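A.B. asks: My structure is stored as input_8.cif, with mmCIF, C-alpha atoms.
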```cif
data_work
loop_
_atom_site.label_atom_id
_atom_site.label_comp_id
_atom_site.auth_asym_id
_atom_site.auth_seq_id
_atom_site.Cartn_x
_atom_site.Cartn_y
_atom_site.Cartn_z
CA MET P 20 28.74 -56.30 90.38
CA PRO P 21 26.10 -54.56 88.19
CA SER P 22 24.28 -56.72 85.67
CA ARG P 23 25.67 -56.76 82.16
CA VAL P 24 24.19 -54.82 79.27
CA TYR P 25 23.62 -56.76 76.06
CA LEU P 26 23.83 -54.61 72.91
CA ASP P 27 24.62 -57.24 70.28
CA TRP P 28 21.11 -58.18 69.20
CA ASN P 29 22.01 -58.33 65.51
CA ALA P 30 24.33 -61.24 66.31
CA THR P 31 21.66 -63.15 68.21
CA THR P 32 18.75 -62.54 70.54
CA PRO P 33 17.61 -64.06 73.84
CA LEU P 34 15.14 -66.89 73.52
CA ARG P 35 11.61 -65.53 73.98
CA ALA P 36 9.57 -67.13 76.75
CA GLU P 37 6.87 -68.07 74.24
CA ALA P 38 9.42 -69.81 72.02
CA ARG P 39 10.86 -71.69 74.97
CA SER P 40 7.40 -72.89 76.01
CA ALA P 41 6.61 -74.04 72.48
CA MET P 42 9.88 -75.94 72.30
CA LEU P 43 9.43 -77.63 75.66
CA ALA P 44 5.99 -78.82 74.58
CA ALA P 45 7.44 -80.13 71.31
CA TYR P 46 10.19 -82.01 73.14
CA GLU P 47 7.47 -84.05 74.85
CA LEU P 48 6.39 -85.49 71.49
CA ILE P 49 7.98 -88.70 70.27
CA GLY P 50 6.69 -88.85 66.71
CA ASN P 51 8.56 -88.25 63.47
CA PRO P 52 6.64 -85.62 61.46
CA SER P 53 6.87 -87.84 58.38
CA SER P 54 5.16 -90.79 60.12
CA ILE P 55 1.45 -91.33 59.42
CA HIS P 56 0.42 -92.62 62.87
CA ALA P 57 -1.06 -90.39 65.57
CA GLU P 58 2.31 -89.58 67.14
CA GLY P 59 3.72 -88.53 63.79
CA ARG P 60 0.65 -86.48 62.93
CA GLU P 61 0.96 -84.55 66.19
CA ALA P 62 4.57 -83.64 65.39
CA ARG P 63 3.52 -82.71 61.84
CA ARG P 64 0.83 -80.42 63.25
CA LEU P 65 3.42 -78.32 65.09
CA VAL P 66 5.58 -78.02 61.98
CA GLU P 67 2.66 -76.98 59.81
CA GLU P 68 1.35 -74.46 62.35
CA ALA P 69 4.76 -72.78 62.40
CA ARG P 70 4.93 -72.90 58.61
CA ALA P 71 1.55 -71.19 58.33
CA MET P 72 2.55 -68.57 60.91
CA LEU P 73 5.72 -67.60 59.04
CA ALA P 74 3.97 -67.65 55.66
CA THR P 75 1.14 -65.41 56.84
CA SER P 76 3.58 -63.02 58.48
CA VAL P 77 5.59 -62.42 55.29
CA GLY P 78 2.80 -62.54 52.70
CA ALA P 79 3.45 -66.02 51.30
CA LEU P 80 1.66 -69.36 51.02
CA PRO P 81 2.52 -72.10 53.53
CA ARG P 82 3.44 -74.56 50.78
CA ASN P 83 6.19 -72.15 49.70
CA VAL P 84 8.01 -72.16 53.06
CA VAL P 85 11.06 -74.44 53.31
CA PHE P 86 12.56 -74.93 56.77
CA THR P 87 16.36 -75.22 56.99
CA SER P 88 19.06 -75.51 59.63
CA ALA P 89 19.93 -71.79 59.58
CA GLY P 90 19.86 -68.60 57.56
CA THR P 91 23.15 -69.59 55.93
CA GLU P 92 21.66 -72.83 54.60
CA ALA P 93 18.54 -70.95 53.48
CA ASN P 94 20.73 -68.56 51.48
CA ALA P 95 22.71 -71.42 49.96
CA LEU P 96 19.46 -73.11 48.94
CA ALA P 97 18.10 -69.91 47.40
CA LEU P 98 21.18 -69.22 45.26
CA SER P 99 20.44 -71.95 42.76
CA PRO P 100 21.14 -71.85 39.01
CA GLY P 101 18.12 -72.88 36.99
CA LEU P 102 15.51 -71.06 39.03
CA ARG P 103 12.60 -69.96 36.86
CA GLY P 104 9.90 -67.35 37.20
CA PRO P 105 6.70 -66.78 35.22
CA SER P 106 8.69 -66.27 32.00
CA GLY P 107 9.97 -69.83 32.19
CA ARG P 108 13.56 -68.79 31.39
CA PRO P 109 16.10 -70.13 33.89
CA VAL P 110 18.58 -67.79 35.56
CA GLU P 111 22.13 -68.40 34.40
CA ARG P 112 24.15 -66.01 36.56
CA LEU P 113 24.14 -64.36 39.98
CA LEU P 114 24.46 -60.69 40.89
CA VAL P 115 24.95 -59.79 44.56
CA SER P 116 25.39 -56.45 46.27
CA ALA P 117 28.89 -55.80 47.60
CA VAL P 118 27.60 -55.51 51.19
CA GLU P 119 25.87 -58.87 51.46
CA HIS P 120 26.36 -61.38 54.25
CA ALA P 121 29.22 -63.83 53.70
CA SER P 122 26.76 -66.67 53.02
CA VAL P 123 25.46 -64.73 49.99
CA LEU P 124 28.84 -63.46 48.81
CA ALA P 125 29.90 -67.13 48.69
CA GLY P 126 27.54 -67.48 45.72
CA GLY P 127 25.63 -70.62 46.62
CA ARG P 128 25.90 -73.09 43.75
CA PHE P 129 26.80 -70.62 41.03
CA PRO P 130 30.24 -70.99 39.40
CA VAL P 131 32.65 -68.21 40.35
CA ASP P 132 32.77 -66.92 36.77
CA LYS P 133 28.99 -66.49 36.81
CA ILE P 134 28.92 -64.18 39.85
CA GLY P 135 29.02 -60.39 39.66
CA GLN P 136 28.87 -57.65 42.29
CA ILE P 137 26.64 -54.58 42.43
CA ARG P 138 28.28 -51.40 43.70
CA VAL P 139 26.94 -49.50 46.69
CA THR P 140 27.03 -45.81 47.56
CA ARG P 141 29.02 -44.16 50.34
CA SER P 142 25.91 -44.61 52.49
CA GLY P 143 25.84 -48.38 51.85
CA VAL P 144 22.81 -48.41 49.53
CA ILE P 145 22.96 -50.29 46.23
CA ASP P 146 23.63 -48.33 43.05
CA LEU P 147 20.49 -49.00 41.02
CA ASP P 148 22.06 -47.61 37.86
CA HIS P 149 24.89 -50.11 38.18
CA LEU P 150 22.34 -52.88 38.69
CA LYS P 151 20.59 -51.84 35.46
CA ALA P 152 23.87 -51.84 33.56
CA LEU P 153 24.83 -55.30 34.82
CA LEU P 154 21.42 -56.73 33.94
CA SER P 155 21.53 -55.30 30.43
CA ASP P 156 24.71 -57.18 29.61
CA GLY P 157 24.05 -60.91 29.73
CA PRO P 158 21.48 -63.67 30.23
CA PRO P 159 18.75 -63.70 32.91
CA ALA P 160 20.16 -63.26 36.40
CA LEU P 161 19.25 -64.06 39.97
CA VAL P 162 19.89 -60.88 41.96
CA SER P 163 20.49 -61.09 45.73
CA ILE P 164 20.02 -57.95 47.82
CA MET P 165 19.57 -57.91 51.60
CA ALA P 166 16.61 -56.01 53.00
CA ALA P 167 18.70 -54.52 55.82
CA ASN P 168 22.43 -54.61 56.37
CA ASN P 169 23.56 -56.49 59.46
CA GLU P 170 26.39 -54.04 60.19
CA THR P 171 25.16 -50.55 59.27
CA GLY P 172 21.43 -51.24 59.47
CA ALA P 173 20.96 -49.49 56.10
CA LEU P 174 17.73 -50.46 54.33
CA GLN P 175 17.99 -51.36 50.67
CA PRO P 176 15.51 -50.24 47.96
CA VAL P 177 14.38 -53.79 47.34
CA ALA P 178 11.01 -52.87 45.81
CA GLU P 179 12.69 -50.60 43.25
CA ALA P 180 15.29 -53.28 42.57
CA ALA P 181 12.54 -55.86 42.05
CA GLY P 182 11.02 -53.77 39.26
CA ILE P 183 14.40 -53.44 37.55
CA VAL P 184 15.22 -57.14 37.92
CA HIS P 185 11.86 -58.35 36.65
CA GLY P 186 12.01 -55.91 33.74
CA ALA P 187 15.24 -57.64 32.69
CA GLY P 188 13.70 -61.12 32.98
CA GLY P 189 15.48 -62.00 36.22
CA LEU P 190 14.55 -63.05 39.75
CA LEU P 191 15.16 -61.30 43.07
CA HIS P 192 16.30 -62.98 46.28
CA VAL P 193 16.08 -60.89 49.46
CA ASP P 194 18.03 -61.83 52.57
CA ALA P 195 15.51 -60.58 55.16
CA ILE P 196 17.22 -62.12 58.17
CA GLN P 197 17.88 -58.77 59.89
CA ALA P 198 14.59 -57.23 58.75
CA LEU P 199 12.05 -59.68 60.16
CA GLY P 200 10.54 -58.37 63.38
CA LYS P 201 12.24 -54.98 63.09
CA ILE P 202 10.53 -53.48 60.04
CA PRO P 203 7.43 -54.56 58.09
CA PHE P 204 8.28 -57.15 55.45
CA ASP P 205 5.96 -58.65 52.84
CA ILE P 206 7.43 -60.73 50.02
CA LYS P 207 4.51 -59.98 47.71
CA ALA P 208 4.40 -56.24 48.42
CA ILE P 209 8.08 -55.71 47.60
CA GLY P 210 8.08 -58.07 44.62
CA ALA P 211 10.70 -60.53 45.90
CA ASP P 212 10.82 -64.00 44.38
CA LEU P 213 12.70 -65.61 47.26
CA ALA P 214 13.38 -64.47 50.83
CA THR P 215 15.37 -65.98 53.67
CA PHE P 216 14.94 -65.81 57.45
CA SER P 217 16.56 -67.00 60.68
CA ALA P 218 14.84 -67.86 63.96
CA HIS P 219 17.51 -66.71 66.40
CA LYS P 220 17.41 -63.11 65.15
CA ILE P 221 13.85 -62.67 66.44
CA GLY P 222 13.88 -64.55 69.74
CA GLY P 223 13.65 -68.07 68.37
CA PRO P 224 16.23 -70.84 68.80
CA LYS P 225 19.57 -71.04 67.02
CA GLY P 226 19.81 -73.63 64.27
CA VAL P 227 16.54 -72.95 62.41
CA GLY P 228 16.02 -70.91 59.26
CA ALA P 229 13.65 -70.74 56.32
CA LEU P 230 13.53 -70.03 52.62
CA VAL P 231 10.24 -68.58 51.38
CA LEU P 232 9.31 -68.63 47.69
CA ALA P 233 6.87 -66.40 45.87
CA GLU P 234 4.10 -68.15 43.99
CA GLY P 235 5.22 -69.24 40.53
CA VAL P 236 8.93 -69.68 41.26
CA ALA P 237 10.16 -73.07 40.04
CA GLY P 238 13.40 -74.93 39.42
CA LEU P 239 14.69 -74.94 43.01
CA GLU P 240 17.26 -77.71 43.38
CA PRO P 241 17.80 -79.11 46.90
CA VAL P 242 21.20 -78.88 48.53
CA LEU P 243 20.48 -81.87 50.75
CA ARG P 244 19.05 -84.94 49.02
CA GLY P 245 17.60 -88.02 50.61
CA GLY P 246 14.06 -88.27 51.95
CA GLY P 247 11.17 -86.28 50.55
CA GLN P 248 10.86 -83.80 53.41
CA GLU P 249 9.82 -80.18 52.75
CA LEU P 250 8.13 -81.20 49.47
CA ASN P 251 11.41 -82.67 48.19
CA ARG P 252 13.22 -79.35 48.62
CA ARG P 253 15.26 -80.10 51.74
CA ALA P 254 15.93 -83.65 52.90
CA GLY P 255 16.26 -84.54 56.57
CA THR P 256 13.87 -84.98 59.47
CA GLU P 257 12.55 -81.58 60.50
CA ASN P 258 13.74 -80.00 63.74
CA VAL P 259 10.25 -80.06 65.26
CA ALA P 260 11.08 -78.28 68.52
CA GLY P 261 13.18 -75.64 66.78
CA ILE P 262 10.52 -74.99 64.16
CA ALA P 263 7.83 -74.72 66.84
CA GLY P 264 9.99 -72.16 68.64
CA PHE P 265 10.49 -70.28 65.36
CA GLY P 266 6.74 -70.05 64.81
CA ALA P 267 6.11 -68.78 68.34
CA ALA P 268 8.87 -66.18 68.02
CA VAL P 269 7.46 -64.92 64.70
CA ARG P 270 4.01 -64.50 66.24
CA ILE P 271 5.23 -62.46 69.21
CA ALA P 272 7.77 -60.43 67.23
CA LEU P 273 5.20 -59.33 64.66
CA GLN P 274 2.64 -58.46 67.33
CA ALA P 275 5.15 -56.25 69.14
CA LEU P 276 6.81 -54.78 66.04
CA PRO P 277 5.26 -51.28 65.86
CA GLU P 278 5.79 -50.50 69.54
CA ASP P 279 9.24 -52.09 69.73
CA ALA P 280 10.48 -50.35 66.58
CA GLU P 281 9.43 -46.91 67.78
CA ARG P 282 10.96 -47.42 71.22
CA MET P 283 14.24 -48.79 69.84
CA ALA P 284 14.57 -45.94 67.34
CA THR P 285 14.23 -43.42 70.17
CA LEU P 286 16.88 -45.20 72.23
CA ARG P 287 19.18 -45.59 69.22
CA ASP P 288 18.99 -41.88 68.43
CA ARG P 289 19.89 -41.01 72.02
CA LEU P 290 22.74 -43.51 71.89
CA GLU P 291 24.11 -42.01 68.67
CA ASN P 292 23.88 -38.46 69.99
CA GLY P 293 25.94 -39.55 72.98
CA ILE P 294 28.49 -41.35 70.79
CA ARG P 295 29.02 -38.19 68.76
CA SER P 296 29.87 -36.27 71.92
CA VAL P 297 33.37 -37.75 71.70
CA ALA P 298 35.42 -35.62 69.32
CA GLY P 299 35.54 -36.98 65.78
CA ALA P 300 33.10 -39.85 66.33
CA MET P 301 30.90 -40.68 63.35
CA VAL P 302 27.95 -42.99 62.70
CA PHE P 303 27.82 -44.86 59.40
CA SER P 304 24.78 -44.72 57.08
CA ASP P 305 23.03 -42.16 59.29
CA ASP P 306 21.89 -40.25 56.19
CA VAL P 307 19.67 -43.08 54.87
CA LYS P 308 16.81 -45.18 56.20
CA ARG P 309 18.06 -47.76 58.68
CA LEU P 310 16.88 -50.43 61.05
CA PRO P 311 15.55 -48.81 64.23
CA ASN P 312 17.93 -50.77 66.45
CA THR P 313 21.36 -50.53 64.80
CA ALA P 314 24.28 -48.10 65.22
CA LEU P 315 27.69 -48.64 63.62
CA PHE P 316 30.26 -46.02 64.57
CA THR P 317 33.94 -45.21 64.77
CA ALA P 318 36.28 -42.42 65.86
CA PRO P 319 39.74 -41.36 64.66
CA GLY P 320 42.35 -43.81 65.86
CA LEU P 321 39.82 -46.26 67.31
CA LYS P 322 40.67 -49.96 67.04
CA ALA P 323 37.53 -52.10 67.05
CA GLU P 324 39.10 -55.11 68.75
CA THR P 325 40.37 -52.96 71.62
CA ALA P 326 37.07 -51.10 71.88
CA VAL P 327 35.00 -54.30 72.01
CA ILE P 328 37.21 -55.64 74.79
CA GLY P 329 36.99 -52.31 76.60
CA PHE P 330 33.21 -52.29 76.43
CA ASP P 331 33.18 -55.89 77.63
CA LEU P 332 35.30 -55.04 80.65
CA GLU P 333 32.80 -52.30 81.45
CA GLY P 334 29.99 -54.86 81.35
CA VAL P 335 28.61 -53.95 77.91
CA ALA P 336 28.44 -56.53 75.11
CA VAL P 337 28.96 -55.00 71.65
CA SER P 338 30.59 -56.24 68.45
CA SER P 339 32.84 -55.16 65.59
CA GLY P 340 30.46 -56.40 62.89
CA SER P 341 29.07 -59.74 61.81
CA ALA P 342 29.26 -62.45 64.46
CA CYS P 343 29.95 -64.89 61.62
CA SER P 344 33.42 -63.33 61.36
CA SER P 345 34.29 -63.55 65.04
CA GLY P 346 37.91 -64.43 65.64
CA LYS P 347 38.88 -62.72 62.38
CA VAL P 348 40.24 -59.25 63.04
CA GLN P 349 39.96 -57.67 59.62
CA PRO P 350 38.39 -54.58 58.06
CA SER P 351 34.65 -54.76 57.45
CA HIS P 352 33.95 -55.73 53.83
CA VAL P 353 30.79 -53.64 54.12
CA LEU P 354 32.68 -50.43 54.91
CA SER P 355 35.32 -51.24 52.31
CA ALA P 356 32.56 -51.59 49.70
CA MET P 357 31.21 -48.22 50.84
CA GLY P 358 34.58 -46.68 49.99
CA TYR P 359 36.06 -46.22 53.45
CA ASP P 360 39.77 -46.54 54.03
CA PRO P 361 40.85 -49.78 55.79
CA THR P 362 42.08 -47.78 58.77
CA VAL P 363 38.53 -46.48 59.23
CA ALA P 364 36.94 -49.86 58.60
CA GLN P 365 39.17 -51.46 61.24
CA GLY P 366 37.75 -49.16 63.89
CA ALA P 367 34.02 -49.78 63.40
CA VAL P 368 31.99 -50.85 66.43
CA ARG P 369 28.37 -52.00 66.24
CA LEU P 370 25.76 -51.59 68.95
CA SER P 371 22.38 -53.19 68.31
CA LEU P 372 19.31 -53.00 70.53
CA GLY P 373 16.39 -55.30 71.21
CA TRP P 374 12.95 -55.56 72.77
CA SER P 375 14.22 -55.58 76.34
CA THR P 376 16.78 -52.77 75.95
CA GLU P 377 16.09 -50.09 78.56
CA PRO P 378 17.09 -46.40 78.85
CA ASN P 379 19.53 -47.31 81.60
CA ASP P 380 21.27 -49.72 79.21
CA ILE P 381 21.94 -46.76 76.93
CA ASN P 382 23.22 -44.77 79.92
CA ARG P 383 25.63 -47.59 80.78
CA ALA P 384 26.85 -47.88 77.18
CA LEU P 385 27.46 -44.14 76.89
CA GLU P 386 29.23 -44.06 80.24
CA ALA P 387 31.51 -46.84 79.00
CA TRP P 388 32.07 -45.06 75.68
CA ARG P 389 33.03 -41.76 77.32
CA LYS P 390 35.49 -43.61 79.54
CA LEU P 391 36.94 -45.53 76.60
CA GLY P 392 37.04 -42.43 74.43
CA ASN P 393 39.15 -40.63 76.99
CA THR P 394 41.63 -43.48 77.18
CA LEU P 395 41.71 -45.28 73.81
CA LEU P 396 41.69 -42.06 71.80
CA LYS P 397 43.95 -40.03 74.08
CA GLY P 398 46.57 -38.26 72.00
#
```
Output the file's structure as structure tokens, nothing else.
C.D. replies:
Amino acid sequence: MPSRVYLDWNATTPLRAEARSAMLAAYELIGNPSSIHAEGREARRLVEEARAMLATSVGALPRNVVFTSAGTEANALALSPGLRGPSGRPVERLLVSAVEHASVLAGGRFPVDKIGQIRVTRSGVIDLDHLKALLSDGPPALVSIMAANNETGALQPVAEAAGIVHGAGGLLHVDAIQALGKIPFDIKAIGADLATFSAHKIGGPKGVGALVLAEGVAGLEPVLRGGGQELNRRAGTENVAGIAGFGAAVRIALQALPEDAERMATLRDRLENGIRSVAGAMVFSDDVKRLPNTALFTAPGLKAETAVIGFDLEGVAVSSGSACSSGKVQPSHVLSAMGYDPTVAQGAVRLSLGWSTEPNDINRALEAWRKLGNTLLKG
């Protein structure tokens, strides 16, 4: 039986060899990173090395990196009423784009009546004029906009949004979980006040995330209270092995980024050209800047659940959208926000590539798609 083809990298990635080695070494340590003896200091060293690696990679200071259990927890921690920037005025409401991840749409700790949504265009990019209008009508706001959409791959104009948000006295949170390691990302360069990341999207272990703050952001209230870990911003003994693996994955991913991005974009373009060879097939957000590895497509009459199973039976792992919604067969909220009919949204299939994706993997995926297209769409 031929080996399987994995094209669901936006859901999770294989553990990089360097991350595995770093974790195995960390598992040999017995110290608690909060202990002051030699064993504790050795564990603390690994945590701080990873913290410095992530901070340097995204243009932040190490003291402004807060490790969490996942990207979801990092987002929940970031969405905190009372956050303050240089102006000193606390944010009192939350504005999120309509295509955000479920962990952002949930609103963190903001009351439901203090949460508003920013419209997006047919291409899945935020409507900056709508953002301006929302900001002009009310107190200072925390605005949350993802750097890159996990389903369509569409890149958001976060730098432009930052200027608008700051001009209105607000703060900008950027969910950069899908962006890290795929496109350049620098919190200072784009003007973000907070950014969130997840280890398992870049070849690190599952169960580790991070919130990174820009210098001067204050008023962050912890979700978990207890000990004084993470400078009193997130209680609980740090996951030393997971954090060490996160740091190693960041280092390798950023080193390989230019070459990997170019190679994946070439493969993605060939994949999309092949997808369009089936009559009526369309790729979403292909008229705007996107991640180099992501293709979300559909065809008339296609049912995503059936297509995903069909690909799986052909030995190709794909998805129908966010892995966080697995088991829930429902239209994509992202495509609905973009104005697509539910019947279209129900047929969207996502293929996402990674650093080990080969040309033959694309050949296998297209072979499976042509076979499925001739059967699932027949008539």
A.B. asks: Check the smallest atom-to-atom distance from each of P:Ala167, P:Gly264, P:Lys308, P:Arg141 to Asp360 in chain P using all atoms listed in the file, then report the winner.
C.D. replies: P:Arg141
A.B. asks: Contacts between range 187-195 of chain P and range 66-112 of chain P, please, where a residue of range 66-112 of chain P counts if it comes within 10 Å (with only C-alpha atoms); show its shortest atom pair and distance in Å to one decimal, rows by chain and ascending number, as a tab-separated table.
C.D. replies:
```
residue	atom	partner	partner_atom	distance
P:Gly90	CA	P:Asp194	CA	8.6
P:Thr91	CA	P:Asp194	CA	9.9
P:Ala93	CA	P:Asp194	CA	9.2
P:Asn94	CA	P:Asp194	CA	7.3
P:Ala97	CA	P:His192	CA	7.2
P:Leu98	CA	P:His192	CA	8.0
P:Leu102	CA	P:Leu190	CA	8.1
P:Arg103	CA	P:Leu190	CA	7.7
P:Gly104	CA	P:Leu190	CA	6.8
P:Pro105	CA	P:Gly188	CA	9.3
P:Ser106	CA	P:Gly188	CA	7.3
P:Gly107	CA	P:Gly188	CA	9.5
P:Arg108	CA	P:Gly188	CA	7.8
P:Pro109	CA	P:Gly189	CA	8.5
P:Val110	CA	P:Gly189	CA	6.6
P:Glu111	CA	P:Gly189	CA	9.4
P:Arg112	CA	P:Gly189	CA	9.6
```
A.B. asks: Within 10 Å of range 361-376 of chain P, which residues of range 243-311 of chain P show up? Give each one with its shortest atom-to-atom distance in Å (one decimal) and the two atoms involved, counting only C-alpha atoms, rows by chain then rising residue number, as CSV.
C.D. replies:
```
residue,atom,partner,partner_atom,distance
P:Ala272,CA,P:Trp374,CA,9.0
P:Ala275,CA,P:Trp374,CA,8.6
P:Leu276,CA,P:Trp374,CA,9.1
P:Glu278,CA,P:Trp374,CA,9.3
P:Asp279,CA,P:Trp374,CA,5.9
P:Ala280,CA,P:Trp374,CA,8.5
P:Arg282,CA,P:Trp374,CA,8.5
P:Met283,CA,P:Leu372,CA,6.6
P:Ala284,CA,P:Leu372,CA,9.1
P:Leu286,CA,P:Leu372,CA,8.3
P:Arg287,CA,P:Leu372,CA,7.5
P:Leu290,CA,P:Leu370,CA,9.1
P:Glu291,CA,P:Leu370,CA,9.7
P:Met301,CA,P:Ala367,CA,9.6
P:Val302,CA,P:Ala367,CA,9.1
P:Phe303,CA,P:Ala367,CA,8.9
P:Leu310,CA,P:Ser371,CA,9.5
P:Pro311,CA,P:Leu372,CA,8.4
```
A.B. asks: Would you output that residue set with C-alpha atoms, as a compact mmCIF listing (two decimals), keeping the file's coordinate frame?
C.D. replies:
```txt
# COMPACT_ATOMS: atom_id res chain seq x y z
CA ALA P 272 7.77 -60.43 67.23
CA ALA P 275 5.15 -56.25 69.14
CA LEU P 276 6.81 -54.78 66.04
CA GLU P 278 5.79 -50.50 69.54
CA ASP P 279 9.24 -52.09 69.73
CA ALA P 280 10.48 -50.35 66.58
CA ARG P 282 10.96 -47.42 71.22
CA MET P 283 14.24 -48.79 69.84
CA ALA P 284 14.57 -45.94 67.34
CA LEU P 286 16.88 -45.20 72.23
CA ARG P 287 19.18 -45.59 69.22
CA LEU P 290 22.74 -43.51 71.89
CA GLU P 291 24.11 -42.01 68.67
CA MET P 301 30.90 -40.68 63.35
CA VAL P 302 27.95 -42.99 62.70
CA PHE P 303 27.82 -44.86 59.40
CA LEU P 310 16.88 -50.43 61.05
CA PRO P 311 15.55 -48.81 64.23
```
A.B. asks: Please identify all polymer residues within 12 Å of Thr140 in chain P, counting only C-alpha atoms, omitting same-chain residues fewer than 2 positions from it, and present them as a PyMOL selection string.
C.D. replies: chain P and resi 116-118+137-138+142-149+173+175+303-304+306-307+353-359
A.B. asks: Taking into account only C-alpha atoms, which residue in the set P:Met42, P:Ala300, P:Leu161, P:Leu273 is nearest to Ala180 in chain P?
C.D. replies: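 Ranking P:Met42, P:Ala300, P:Leu161, P:Leu273 by distance to Ala180 in chain P, first place goes to P:Leu161.
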A.B. asks: Please measure the separation of CA of Leu114 in chain P and CA of Ser351 in chain P, giving the value in Å to one decimal.
C.D. replies: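 Computed distance, CA of Leu114 in chain P to CA of Ser351 in chain P, equals 20.3 Å.
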A.B. asks: May I have the residues within 6 Å of Val85 in chain P as an mmCIF file with C-alpha atoms, keeping the file's coordinate frame, using all atoms listed in the file and disregarding those fewer than 4 positions away in the same chain?
C.D. replies:
```
data_model
loop_
_atom_site.group_PDB
_atom_site.id
_atom_site.type_symbol
_atom_site.label_atom_id
_atom_site.label_comp_id
_atom_site.auth_asym_id
_atom_site.auth_seq_id
_atom_site.Cartn_x
_atom_site.Cartn_y
_atom_site.Cartn_z
ATOM 1 C CA ALA P 229 13.650 -70.740 56.320
ATOM 2 C CA LEU P 230 13.530 -70.030 52.620
ATOM 3 C CA GLU P 249 9.820 -80.180 52.750
#
```
A.B. asks: The PyMOL selection byres ((chain P and resi 35) around 12) - which residues does that actually catch in the file I just gave you? List them as a short mmCIF file (atom, residue, chain, number, x, y, z; two decimals) with C-alpha atoms, keeping the file's coordinate frame.
C.D. replies:
```
data_model
loop_
_atom_site.label_atom_id
_atom_site.label_comp_id
_atom_site.auth_asym_id
_atom_site.auth_seq_id
_atom_site.Cartn_x
_atom_site.Cartn_y
_atom_site.Cartn_z
CA THR P 31 21.66 -63.15 68.21
CA THR P 32 18.75 -62.54 70.54
CA PRO P 33 17.61 -64.06 73.84
CA LEU P 34 15.14 -66.89 73.52
CA ALA P 36 9.57 -67.13 76.75
CA GLU P 37 6.87 -68.07 74.24
CA ALA P 38 9.42 -69.81 72.02
CA ARG P 39 10.86 -71.69 74.97
CA SER P 40 7.40 -72.89 76.01
CA ALA P 41 6.61 -74.04 72.48
CA MET P 42 9.88 -75.94 72.30
CA ALA P 218 14.84 -67.86 63.96
CA HIS P 219 17.51 -66.71 66.40
CA LYS P 220 17.41 -63.11 65.15
CA ILE P 221 13.85 -62.67 66.44
CA GLY P 222 13.88 -64.55 69.74
CA GLY P 223 13.65 -68.07 68.37
CA PRO P 224 16.23 -70.84 68.80
CA LYS P 225 19.57 -71.04 67.02
CA GLY P 264 9.99 -72.16 68.64
CA PHE P 265 10.49 -70.28 65.36
CA GLY P 266 6.74 -70.05 64.81
CA ALA P 267 6.11 -68.78 68.34
CA ALA P 268 8.87 -66.18 68.02
CA VAL P 269 7.46 -64.92 64.70
CA ARG P 270 4.01 -64.50 66.24
CA ILE P 271 5.23 -62.46 69.21
CA ALA P 272 7.77 -60.43 67.23
CA GLY P 373 16.39 -55.30 71.21
CA TRP P 374 12.95 -55.56 72.77
CA SER P 375 14.22 -55.58 76.34
#
```
A.B. asks: Please, what distance in Å, to one decimal, runs between CA of Leu124 in chain P and CA of Thr317 in chain P?
C.D. replies: 24.8 Å
A.B. asks: Given the choices P:Val327, P:Ile134, P:Leu26, P:Val139, which gets closest to Asn168 in chain P if the distance is worked out from all atoms listed in the file?
C.D. replies: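 Among the listed residues, P:Val139 lies closest to Asn168 in chain P.
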A.B. asks: What's the separation between CA of Ile294 in chain P and CA of Leu385 in chain P, in Å to one decimal place?
C.D. replies: 6.8 Å
A.B. asks: Tell me which protein, DNA and RNA residues are within 10 Å of Gln248 in chain P, counting all atoms listed in the file, leaving out same-chain ones fewer than 4 positions away, and put them as a PDB file with C-alpha atoms, in the coordinates of the input.
C.D. replies:
```pdb
ATOM      1  CA  PRO P  52       6.640 -85.620  61.460  1.00  0.00           C
ATOM      2  CA  SER P  53       6.870 -87.840  58.380  1.00  0.00           C
ATOM      3  CA  VAL P  85      11.060 -74.440  53.310  1.00  0.00           C
ATOM      4  CA  PHE P  86      12.560 -74.930  56.770  1.00  0.00           C
ATOM      5  CA  ARG P 244      19.050 -84.940  49.020  1.00  0.00           C
ATOM      6  CA  ARG P 252      13.220 -79.350  48.620  1.00  0.00           C
ATOM      7  CA  ARG P 253      15.260 -80.100  51.740  1.00  0.00           C
ATOM      8  CA  ALA P 254      15.930 -83.650  52.900  1.00  0.00           C
ATOM      9  CA  GLY P 255      16.260 -84.540  56.570  1.00  0.00           C
ATOM     10  CA  THR P 256      13.870 -84.980  59.470  1.00  0.00           C
ATOM     11  CA  GLU P 257      12.550 -81.580  60.500  1.00  0.00           C
TER      12      GLU P 257
END
```
A.B. asks: Using all atoms listed in the file, find the one residue out of P:Leu113, P:Ala336, P:Ala387, P:Ala326 that sits nearest to Gly293 in chain P.
C.D. replies: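 Counting all atoms listed in the file, the residue closest to Gly293 in chain P is P:Ala387.
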A.B. asks: Output the residue selection produced by the PyMOL selection byres ((chain P and resi 60-65) around 9) on the file above, formatted as a VMD selection string.
C.D. replies: chain P and resid 45 48 to 59 66 to 70 259 to 260 262 to 263 266
A.B. asks: Restricting the calculation to all atoms listed in the file: of P:Leu395, P:Leu243, P:Val115, P:Leu232, which residue gets closest to Thr87 in chain P?
C.D. replies: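 Smallest separation from Thr87 in chain P among the options: P:Leu243.
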A.B. asks: Can you work out which one of P:Asn258, P:Asn393, P:Ser122, P:Ser296 has the shortest atom-to-atom distance to Ile196 in chain P, counting all atoms listed in the file?
C.D. replies: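 Of P:Asn258, P:Asn393, P:Ser122, P:Ser296, the one nearest Ile196 in chain P, counting all atoms listed in the file, is P:Ser122.
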